[in-house]
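With compact mmCIF, C-alpha atoms inside, this is query.txt:
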```
# COMPACT_ATOMS: atom_id res chain seq x y z
CA MET A 1 -21.02 -11.88 0.20
CA ILE A 2 -20.37 -8.31 -0.88
CA GLY A 3 -16.99 -7.95 -2.49
CA SER A 4 -15.91 -11.61 -2.59
CA ALA A 5 -14.07 -10.92 -5.84
CA ALA A 6 -12.50 -7.90 -4.19
CA VAL A 7 -11.31 -10.01 -1.25
CA TRP A 8 -9.93 -12.62 -3.65
CA LEU A 9 -7.98 -9.92 -5.47
CA ALA A 10 -6.89 -8.17 -2.28
CA ARG A 11 -5.42 -11.40 -0.89
CA ARG A 12 -3.27 -11.65 -4.00
CA LEU A 13 -2.04 -8.08 -3.77
CA ALA A 14 -1.60 -7.34 -0.07
CA HIS A 15 -0.57 -9.13 3.09
CA GLU A 16 -3.27 -11.01 4.93
CA ASP A 17 -3.22 -8.81 8.04
CA THR A 18 -3.49 -5.68 5.89
CA VAL A 19 -6.44 -7.22 4.05
CA ALA A 20 -8.09 -8.03 7.39
CA CYS A 21 -7.57 -4.54 8.79
CA VAL A 22 -8.28 -2.48 5.69
CA VAL A 23 -10.36 -4.36 3.13
CA LEU A 24 -12.47 -6.63 5.36
CA SER A 25 -13.14 -3.77 7.78
CA THR A 26 -14.33 -1.60 4.90
CA ILE A 27 -16.57 -4.40 3.60
CA ALA A 28 -18.01 -4.89 7.09
CA ASP A 29 -18.79 -1.18 7.33
CA VAL A 30 -20.36 -1.16 3.86
CA GLN A 31 -22.45 -4.22 4.73
CA HIS A 32 -23.57 -2.62 7.97
CA ASP A 33 -24.32 0.63 6.20
CA GLY A 34 -26.63 -1.37 3.94
CA SER A 35 -27.66 1.45 1.66
CA ALA A 36 -30.60 0.38 -0.52
CA THR A 37 -30.27 3.13 -3.10
CA LEU A 38 -28.34 2.58 -6.29
CA THR A 39 -26.03 5.50 -5.50
CA GLY A 40 -25.29 4.11 -2.06
CA ARG A 41 -24.52 0.67 -3.44
CA VAL A 42 -22.23 2.09 -6.10
CA ARG A 43 -20.46 4.21 -3.49
CA GLY A 44 -20.05 1.15 -1.30
CA ARG A 45 -18.51 -0.87 -4.13
CA ALA A 46 -16.23 1.99 -5.05
CA LEU A 47 -15.16 2.26 -1.42
CA ILE A 48 -14.19 -1.44 -1.37
CA TRP A 49 -12.03 -1.09 -4.48
CA LEU A 50 -10.52 2.06 -3.01
CA ALA A 51 -9.73 0.06 0.12
CA ILE A 52 -7.83 -2.50 -2.00
CA ALA A 53 -5.75 0.29 -3.50
CA GLY A 54 -5.20 1.62 0.02
CA ALA A 55 -4.09 -1.81 1.25
CA VAL A 56 -1.57 -2.12 -1.58
CA TRP A 57 -0.34 1.40 -0.89
CA HIS A 58 -0.03 0.59 2.82
CA ASP A 59 2.08 -2.49 2.07
CA LEU A 60 4.29 -0.61 -0.36
CA ALA A 61 4.79 2.52 1.70
CA TRP A 62 4.54 1.44 5.32
CA ASP A 63 4.94 -2.29 5.72
CA PRO A 64 8.58 -3.30 6.28
CA ARG A 65 7.86 -6.63 4.56
CA PRO A 66 8.21 -6.47 0.79
CA PRO A 67 5.05 -7.21 -1.17
CA PHE A 68 5.03 -10.91 -2.03
CA TRP A 69 4.15 -10.17 -5.68
CA LEU A 70 7.38 -8.22 -6.10
CA ASP A 71 9.33 -11.28 -7.33
CA ARG A 72 6.70 -12.06 -9.95
CA ALA A 73 6.57 -8.44 -11.06
CA ALA A 74 10.37 -8.39 -11.32
CA THR A 75 10.32 -11.57 -13.45
CA LEU A 76 7.67 -10.07 -15.72
CA GLY A 77 9.71 -6.87 -15.94
CA ARG A 78 12.84 -8.81 -16.94
CA LEU A 79 10.95 -10.76 -19.60
CA GLY A 80 9.50 -7.51 -20.90
CA LEU A 81 12.95 -5.94 -20.98
CA ILE A 82 14.39 -8.87 -22.96
CA MET A 83 11.54 -8.71 -25.46
CA ALA A 84 11.70 -4.92 -25.75
CA SER A 85 15.46 -4.91 -26.28
CA TYR A 86 15.14 -7.68 -28.89
CA GLN A 87 12.44 -5.78 -30.75
CA ALA A 88 14.42 -2.54 -30.51
CA GLY A 89 17.46 -4.31 -31.92
CA VAL A 90 15.47 -5.77 -34.80
CA VAL A 91 13.98 -2.38 -35.60
CA LEU A 92 17.42 -0.79 -35.56
CA LEU A 93 18.81 -3.43 -37.89
CA LEU A 94 15.80 -3.22 -40.19
CA LEU A 95 16.12 0.54 -40.50
CA GLY A 96 18.53 -0.21 -43.28
CA LEU A 97 21.33 2.05 -42.27
CA GLY A 98 23.61 0.40 -44.82
CA ASN A 99 21.16 0.93 -47.70
CA SER A 100 20.61 4.59 -46.99
CA PRO A 101 22.60 6.94 -49.21
CA ARG A 102 23.35 9.08 -46.14
CA SER A 103 24.50 6.09 -44.14
CA MET A 104 27.87 6.35 -42.45
CA PRO A 105 29.95 3.16 -42.38
CA LEU A 106 31.21 3.95 -38.89
CA LEU A 107 27.68 4.34 -37.49
CA GLU A 108 26.60 1.19 -39.32
CA GLY A 109 29.46 -0.74 -37.79
CA ILE A 110 28.73 0.57 -34.32
CA VAL A 111 25.05 -0.34 -34.56
CA GLU A 112 25.73 -3.80 -35.95
CA THR A 113 28.24 -4.52 -33.21
CA ALA A 114 26.54 -2.75 -30.34
CA VAL A 115 23.06 -4.17 -30.77
CA PRO A 116 23.98 -7.87 -30.40
CA VAL A 117 26.38 -7.05 -27.55
CA LEU A 118 23.75 -4.95 -25.78
CA LEU A 119 21.17 -7.70 -26.25
CA ALA A 120 23.53 -10.28 -24.85
CA VAL A 121 24.45 -8.10 -21.86
CA ILE A 122 20.80 -7.35 -21.03
CA SER A 123 19.85 -11.02 -21.38
CA LEU A 124 22.73 -12.13 -19.17
CA LEU A 125 21.88 -9.51 -16.54
CA CYS A 126 18.24 -10.57 -16.56
CA LEU A 127 19.17 -14.24 -16.27
CA ALA A 128 21.65 -13.53 -13.46
CA THR A 129 19.22 -11.45 -11.40
CA GLY A 130 16.46 -13.99 -12.09
CA GLY A 131 18.73 -16.78 -10.88
CA LEU A 132 19.62 -14.83 -7.74
CA THR A 133 15.93 -14.24 -7.02
CA ALA A 134 15.20 -17.95 -7.44
CA VAL A 135 18.06 -18.89 -5.10
CA ARG A 136 16.88 -16.38 -2.49
CA ALA A 137 13.33 -17.75 -2.77
CA ARG A 138 14.62 -21.29 -2.19
CA MET A 139 16.66 -20.17 0.81
CA ARG A 140 13.64 -18.44 2.38
CA PRO A 141 12.56 -20.34 5.50
CA HIS A 142 9.42 -22.43 5.31
CA GLY A 143 6.31 -20.68 6.58
CA ALA A 144 7.48 -17.24 5.51
CA ARG A 145 4.46 -16.87 3.30
CA THR A 146 1.90 -18.64 5.40
CA ASP A 147 0.17 -15.36 6.24
CA VAL A 148 -0.29 -14.78 2.56
CA ASP A 149 -1.49 -18.17 1.50
CA SER A 150 -4.00 -18.64 4.29
CA MET B 1 21.23 9.40 20.79
CA GLY B 2 19.26 6.78 18.88
CA THR B 3 15.96 7.74 20.47
CA HIS B 4 13.17 7.66 17.93
CA LEU B 5 10.54 10.32 18.62
CA PRO B 6 7.05 9.33 17.57
CA SER B 7 5.32 11.46 14.97
CA MET B 8 1.62 12.16 14.78
CA SER B 9 -0.24 13.97 12.03
CA ALA B 10 -3.15 16.34 12.58
CA THR B 11 -5.52 13.66 11.28
CA GLU B 12 -4.15 11.15 13.76
CA LEU B 13 -4.61 13.70 16.54
CA LEU B 14 -8.23 14.14 15.49
CA ILE B 15 -8.82 10.39 15.41
CA LEU B 16 -7.43 10.02 18.91
CA ASP B 17 -9.66 12.87 20.09
CA LEU B 18 -12.69 11.13 18.59
CA LEU B 19 -11.75 7.72 19.95
CA GLU B 20 -11.17 9.08 23.44
CA GLN B 21 -14.94 9.43 23.77
CA GLY B 22 -15.37 5.71 23.18
CA GLU B 23 -14.36 2.98 20.76
CA GLY B 24 -15.53 3.39 17.22
CA PHE B 25 -15.32 1.97 13.71
CA GLY B 26 -14.13 3.58 10.48
CA LEU B 27 -17.24 5.10 8.95
CA GLN B 28 -18.42 6.24 12.37
CA LEU B 29 -15.19 8.22 12.74
CA VAL B 30 -15.61 9.65 9.23
CA ALA B 31 -19.11 10.83 10.13
CA ALA B 32 -17.91 12.31 13.42
CA GLY B 33 -14.89 13.93 11.80
CA GLY B 34 -16.98 16.51 9.99
CA GLY B 35 -15.26 16.20 6.64
CA ALA B 36 -11.72 16.08 7.98
CA LEU B 37 -11.55 12.30 7.53
CA LYS B 38 -12.02 10.53 4.20
CA ARG B 39 -13.93 7.28 3.74
CA GLY B 40 -11.35 5.88 1.36
CA SER B 41 -8.34 6.34 3.60
CA ILE B 42 -9.66 5.94 7.13
CA TYR B 43 -8.79 2.25 7.50
CA VAL B 44 -5.31 2.68 6.05
CA LEU B 45 -4.79 5.47 8.57
CA LEU B 46 -6.14 3.37 11.44
CA THR B 47 -3.96 0.42 10.44
CA ARG B 48 -0.91 2.66 10.39
CA MET B 49 -1.84 4.06 13.80
CA GLU B 50 -2.21 0.52 15.11
CA THR B 51 1.26 -0.30 13.77
CA LYS B 52 2.62 2.75 15.59
CA GLY B 53 0.89 1.61 18.78
CA PHE B 54 -1.48 4.58 19.03
CA VAL B 55 -4.68 2.53 18.80
CA THR B 56 -5.72 -1.05 19.29
CA SER B 57 -8.55 -2.90 17.56
CA ARG B 58 -10.92 -5.79 18.08
CA LEU B 59 -13.72 -7.34 16.08
CA GLU B 60 -17.18 -6.51 17.37
CA ASP B 61 -19.18 -9.19 19.16
CA ARG B 62 -21.88 -10.54 16.90
CA PRO B 63 -24.92 -12.51 17.96
CA PRO B 64 -24.86 -16.11 16.69
CA GLY B 65 -26.33 -16.40 13.22
CA ALA B 66 -25.74 -12.77 12.33
CA SER B 67 -24.91 -12.32 8.68
CA GLY B 68 -22.08 -10.29 7.28
CA LEU B 69 -18.61 -9.55 8.52
CA PRO B 70 -17.99 -8.16 12.02
CA ARG B 71 -16.87 -4.56 12.12
CA ARG B 72 -13.48 -3.62 13.54
CA LEU B 73 -13.67 -1.36 16.57
CA TYR B 74 -10.74 0.85 17.54
CA THR B 75 -9.69 2.11 20.98
CA PRO B 76 -6.86 4.53 21.79
CA THR B 77 -3.94 3.10 23.74
CA PRO B 78 -2.52 4.89 26.79
CA TYR B 79 0.68 5.36 24.77
CA GLY B 80 -1.24 7.04 21.93
CA LEU B 81 -2.96 9.42 24.33
CA LYS B 82 0.35 10.14 26.03
CA VAL B 83 2.02 11.01 22.70
CA ARG B 84 -0.95 13.17 21.73
CA ASP B 85 -0.84 15.08 25.03
CA ALA B 86 2.93 15.48 24.81
CA LEU B 87 2.70 16.84 21.25
CA ARG B 88 -0.06 19.24 22.24
CA ALA B 89 2.05 20.45 25.19
CA LEU B 90 5.05 20.86 22.91
CA GLN B 91 3.01 22.83 20.39
CA ALA B 92 1.67 25.06 23.16
CA THR B 93 5.16 25.61 24.55
CA LEU B 94 6.81 26.40 21.23
CA ALA B 95 4.00 28.48 19.76
CA LEU B 96 5.07 32.10 19.34
CA ARG B 97 3.12 34.57 21.36
CA PRO B 98 2.73 38.14 20.03
CA VAL B 99 5.08 39.60 22.66
CA GLU B 100 7.81 37.00 22.11
CA ALA B 101 7.60 37.23 18.35
CA ARG B 102 8.81 40.85 18.38
CA PRO B 103 12.52 41.26 17.64
```

Can you give me the file's structure in the form of C-alpha cells?
Amino acid sequence: MIGSAAVWLARRLAHEDTVACVVLSTIADVQHDGSATLTGRVRGRALIWLAIAGAVWHDLAWDPRPPFWLDRAATLGRLGLIMASYQAGVVLLLLGLGNSPRSMPLLEGIVETAVPVLLAVISLLCLATGGLTAVRARMRPHGARTDVDS
Amino acid sequence: MGTHLPSMSATELLILDLLEQGEGFGLQLVAAGGGALKRGSIYVLLTRMETKGFVTSRLEDRPPGASGLPRRLYTPTPYGLKVRDALRALQATLALRPVEARP
C-alpha cells in the first residue's frame, strides 16, 4: 500500500480520527490519482508527508485533546534539561575561575555555590513534574487512549 | 451573553460554494478551486470544517474487490450553508456604499 510507513508514523503522531480524515483521505486521493510519471509519484509522496505534518498541526492547534506524545516529549525535555544543566555546570567549574589571575574570589564562591544548588533545584523540579505526570497518567480512566492504540 | 458566533474564512466560504453543487473529495475541490485551495492543506481545512459542523463526510462506496483506500466525500450541512448565507448577508449589509462613506 502507498504510504504504509507514513500511516505508521502518522498513527504515532496524531489522533486516530485525524489520521483517518487527513492522512488516509490524502492517500486515497493519491492512489486514485494514480499518476504514472515520476514527477507525479514524487508529488504524491510529498503530499502524503505534508498531510502528516498537517494532521500534527491540526491536533496541536485545533484539537481540544492534547497530543498523546506530549508526556513523552515532556519527559525527554526534562532529561535533556538535567543533562544540559549538568554539562553546563561542569563546563563552568572547569573554566578554572580560581586559577585565572583575573579571577575574583567572590565570583568564584558564587559559581561554586550556585552551580550545585541550581543543579539540585532543576533536578528536583524535573523529578517532581515527572512524578506528577506519572500520577496523572495512572489516574487517567481506562480506554482514554483506545482511539490512539487501535 | 455567552453566545458564540461561528466564524468562517474566505476559503471555507469557497469550499461550501463548491460543495453546494454536489459532494466532492479533496483533490476534486482543489482542482475546482482554481488555485485558491492548496493540495497540502485541503484535508486539514475540511476536517476543521467538519469539527465546526459546516460539512459532513462519508467514505465512498467501493465495489467488492476494489484495491486501495476509499476516498472521503464531503457534503455541506444545512447549518454550514445557513452560516455562509448569514455571513454573506452581513457583509452585504455592512459594506460601505460610496454615498454612505462620505462624511

(message) As an exercise, work out the distance from CA of Ile52 (chain A) to CA of Pro64 (chain B) in Å and give it to one decimal place.
(response)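 Atom-to-atom, CA of Ile52 (chain A) and CA of Pro64 (chain B) are spaced 28.7 Å apart.
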
(message) Could you work out which residues of chain B fall inside 10 Å of chain A? Count all atoms listed in the file, and format the result as a list in words.
(response)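 The selection requested is Phe25, Gly26, Leu27, Gln28, Arg39, Gly40, Ser41, Ile42, Tyr43, Val44, Leu45, Leu46, Thr47, Arg48, Glu50, Thr51, Ser57, Arg58, Leu59, Ser67, Gly68, Leu69, Pro70, Arg71, Arg72 and Leu73 of chain B.
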
Okay, now the selection with C-alpha atoms, as a CSV table (one decimal), keeping the file's coordinate frame?
```csv
chain,number,residue,atom,x,y,z
B,25,PHE,CA,-15.3,2.0,13.7
B,26,GLY,CA,-14.1,3.6,10.5
B,27,LEU,CA,-17.2,5.1,9.0
B,28,GLN,CA,-18.4,6.2,12.4
B,39,ARG,CA,-13.9,7.3,3.7
B,40,GLY,CA,-11.4,5.9,1.4
B,41,SER,CA,-8.3,6.3,3.6
B,42,ILE,CA,-9.7,5.9,7.1
B,43,TYR,CA,-8.8,2.2,7.5
B,44,VAL,CA,-5.3,2.7,6.0
B,45,LEU,CA,-4.8,5.5,8.6
B,46,LEU,CA,-6.1,3.4,11.4
B,47,THR,CA,-4.0,0.4,10.4
B,48,ARG,CA,-0.9,2.7,10.4
B,50,GLU,CA,-2.2,0.5,15.1
B,51,THR,CA,1.3,-0.3,13.8
B,57,SER,CA,-8.6,-2.9,17.6
B,58,ARG,CA,-10.9,-5.8,18.1
B,59,LEU,CA,-13.7,-7.3,16.1
B,67,SER,CA,-24.9,-12.3,8.7
B,68,GLY,CA,-22.1,-10.3,7.3
B,69,LEU,CA,-18.6,-9.6,8.5
B,70,PRO,CA,-18.0,-8.2,12.0
B,71,ARG,CA,-16.9,-4.6,12.1
B,72,ARG,CA,-13.5,-3.6,13.5
B,73,LEU,CA,-13.7,-1.4,16.6
```

As lines of an AutoDock Vina configuration file, what would the box around region 41-44 of chain A look like: edges along x, y and z, 4 Å added on every side, centre and edge lengths in Å to one decimal?
```
center_x = -22.3
center_y = 2.4
center_z = -3.7
size_x = 12.5
size_y = 11.5
size_z = 12.8
```

(message) Could you tell me how far CA of Glu23 (chain B) sits from CA of Val83 (chain B), in Å to one decimal place?
(response)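 Value for the CA of Val83 (chain B)-CA of Glu23 (chain B) distance: 18.3 Å.
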
(message) Report, in Å to a single decimal, how far apart CA of Leu132 (chain A) and CA of Leu119 (chain A) are.
(response) 19.9 Å

(message) Could you check the closest approach to Thr11 (chain B) for each of B:Leu96, B:Thr75, B:Leu37, B:Leu29 and tell me which residue wins, using all atoms listed in the file?
(response)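 Between B:Leu96, B:Thr75, B:Leu37, B:Leu29, the residue approaching Thr11 (chain B) most closely is B:Leu37.
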
(request) Just the residues within 7 Å of region 64-73 of chain A, please, counting only C-alpha atoms, with nothing from its chain fewer than 4 positions along; format it as an MDAnalysis selection string. (result) chainID A and resid 13:14 59:60 77

For those residues, write C-alpha atoms to a file as a PDB file, in the frame of the given file.
```
ATOM      1  CA  LEU A  13      -2.040  -8.080  -3.770  1.00  0.00           C
ATOM      2  CA  ALA A  14      -1.600  -7.340  -0.070  1.00  0.00           C
ATOM      3  CA  ASP A  59       2.080  -2.490   2.070  1.00  0.00           C
ATOM      4  CA  LEU A  60       4.290  -0.610  -0.360  1.00  0.00           C
ATOM      5  CA  GLY A  77       9.710  -6.870 -15.940  1.00  0.00           C
TER       6      GLY A  77
END
```

(request) Rank nothing, just name the residue among B:Lys52, B:Lys38, B:His4, B:Arg62 nearest to Thr77 (chain B), using only C-alpha atoms. (result)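 Checking each of B:Lys52, B:Lys38, B:His4, B:Arg62 against Thr77 (chain B), counting only C-alpha atoms, the winner is B:Lys52.
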
Write out N, CA and C atoms for region 28-48 of chain B, as a PDB file, in the frame of the given file.
```
ATOM      1  N   GLN B  28     -17.918   5.439  11.245  1.00  0.00           N
ATOM      2  CA  GLN B  28     -18.420   6.240  12.370  1.00  0.00           C
ATOM      3  C   GLN B  28     -17.483   7.423  12.622  1.00  0.00           C
ATOM      4  N   LEU B  29     -16.175   7.149  12.542  1.00  0.00           N
ATOM      5  CA  LEU B  29     -15.190   8.220  12.740  1.00  0.00           C
ATOM      6  C   LEU B  29     -15.277   9.233  11.604  1.00  0.00           C
ATOM      7  N   VAL B  30     -15.496   8.728  10.369  1.00  0.00           N
ATOM      8  CA  VAL B  30     -15.610   9.650   9.230  1.00  0.00           C
ATOM      9  C   VAL B  30     -16.797  10.576   9.432  1.00  0.00           C
ATOM     10  N   ALA B  31     -17.913  10.010   9.903  1.00  0.00           N
ATOM     11  CA  ALA B  31     -19.110  10.830  10.130  1.00  0.00           C
ATOM     12  C   ALA B  31     -18.866  11.841  11.253  1.00  0.00           C
ATOM     13  N   ALA B  32     -18.155  11.414  12.281  1.00  0.00           N
ATOM     14  CA  ALA B  32     -17.910  12.310  13.420  1.00  0.00           C
ATOM     15  C   ALA B  32     -16.832  13.342  13.116  1.00  0.00           C
ATOM     16  N   GLY B  33     -16.016  13.045  12.101  1.00  0.00           N
ATOM     17  CA  GLY B  33     -14.890  13.930  11.800  1.00  0.00           C
ATOM     18  C   GLY B  33     -15.273  15.207  11.084  1.00  0.00           C
ATOM     19  N   GLY B  34     -16.505  15.282  10.635  1.00  0.00           N
ATOM     20  CA  GLY B  34     -16.980  16.510   9.990  1.00  0.00           C
ATOM     21  C   GLY B  34     -16.219  16.895   8.745  1.00  0.00           C
ATOM     22  N   GLY B  35     -15.911  15.923   7.916  1.00  0.00           N
ATOM     23  CA  GLY B  35     -15.260  16.200   6.640  1.00  0.00           C
ATOM     24  C   GLY B  35     -13.747  16.187   6.688  1.00  0.00           C
ATOM     25  N   ALA B  36     -13.186  16.107   7.875  1.00  0.00           N
ATOM     26  CA  ALA B  36     -11.720  16.080   7.980  1.00  0.00           C
ATOM     27  C   ALA B  36     -11.161  14.692   7.680  1.00  0.00           C
ATOM     28  N   LEU B  37     -11.995  13.671   7.793  1.00  0.00           N
ATOM     29  CA  LEU B  37     -11.550  12.300   7.530  1.00  0.00           C
ATOM     30  C   LEU B  37     -12.240  11.777   6.275  1.00  0.00           C
ATOM     31  N   LYS B  38     -11.488  11.023   5.475  1.00  0.00           N
ATOM     32  CA  LYS B  38     -12.020  10.530   4.200  1.00  0.00           C
ATOM     33  C   LYS B  38     -12.383   9.052   4.326  1.00  0.00           C
ATOM     34  N   ARG B  39     -13.472   8.678   3.678  1.00  0.00           N
ATOM     35  CA  ARG B  39     -13.930   7.280   3.740  1.00  0.00           C
ATOM     36  C   ARG B  39     -12.913   6.330   3.128  1.00  0.00           C
ATOM     37  N   GLY B  40     -12.243   6.779   2.063  1.00  0.00           N
ATOM     38  CA  GLY B  40     -11.350   5.880   1.360  1.00  0.00           C
ATOM     39  C   GLY B  40     -10.022   5.610   2.068  1.00  0.00           C
ATOM     40  N   SER B  41      -9.659   6.491   2.990  1.00  0.00           N
ATOM     41  CA  SER B  41      -8.340   6.340   3.600  1.00  0.00           C
ATOM     42  C   SER B  41      -8.389   6.070   5.093  1.00  0.00           C
ATOM     43  N   ILE B  42      -9.571   6.027   5.666  1.00  0.00           N
ATOM     44  CA  ILE B  42      -9.660   5.940   7.130  1.00  0.00           C
ATOM     45  C   ILE B  42      -9.058   4.636   7.655  1.00  0.00           C
ATOM     46  N   TYR B  43      -9.292   3.511   6.957  1.00  0.00           N
ATOM     47  CA  TYR B  43      -8.790   2.250   7.500  1.00  0.00           C
ATOM     48  C   TYR B  43      -7.281   2.094   7.296  1.00  0.00           C
ATOM     49  N   VAL B  44      -6.765   2.676   6.224  1.00  0.00           N
ATOM     50  CA  VAL B  44      -5.310   2.680   6.050  1.00  0.00           C
ATOM     51  C   VAL B  44      -4.660   3.477   7.178  1.00  0.00           C
ATOM     52  N   LEU B  45      -5.289   4.613   7.497  1.00  0.00           N
ATOM     53  CA  LEU B  45      -4.790   5.470   8.570  1.00  0.00           C
ATOM     54  C   LEU B  45      -4.858   4.749   9.922  1.00  0.00           C
ATOM     55  N   LEU B  46      -5.982   4.080  10.167  1.00  0.00           N
ATOM     56  CA  LEU B  46      -6.140   3.370  11.440  1.00  0.00           C
ATOM     57  C   LEU B  46      -5.154   2.202  11.549  1.00  0.00           C
ATOM     58  N   THR B  47      -4.923   1.527  10.423  1.00  0.00           N
ATOM     59  CA  THR B  47      -3.960   0.420  10.440  1.00  0.00           C
ATOM     60  C   THR B  47      -2.557   0.931  10.741  1.00  0.00           C
ATOM     61  N   ARG B  48      -2.225   2.071  10.147  1.00  0.00           N
ATOM     62  CA  ARG B  48      -0.910   2.660  10.390  1.00  0.00           C
ATOM     63  C   ARG B  48      -0.781   3.092  11.862  1.00  0.00           C
TER      64      ARG B  48
END
```
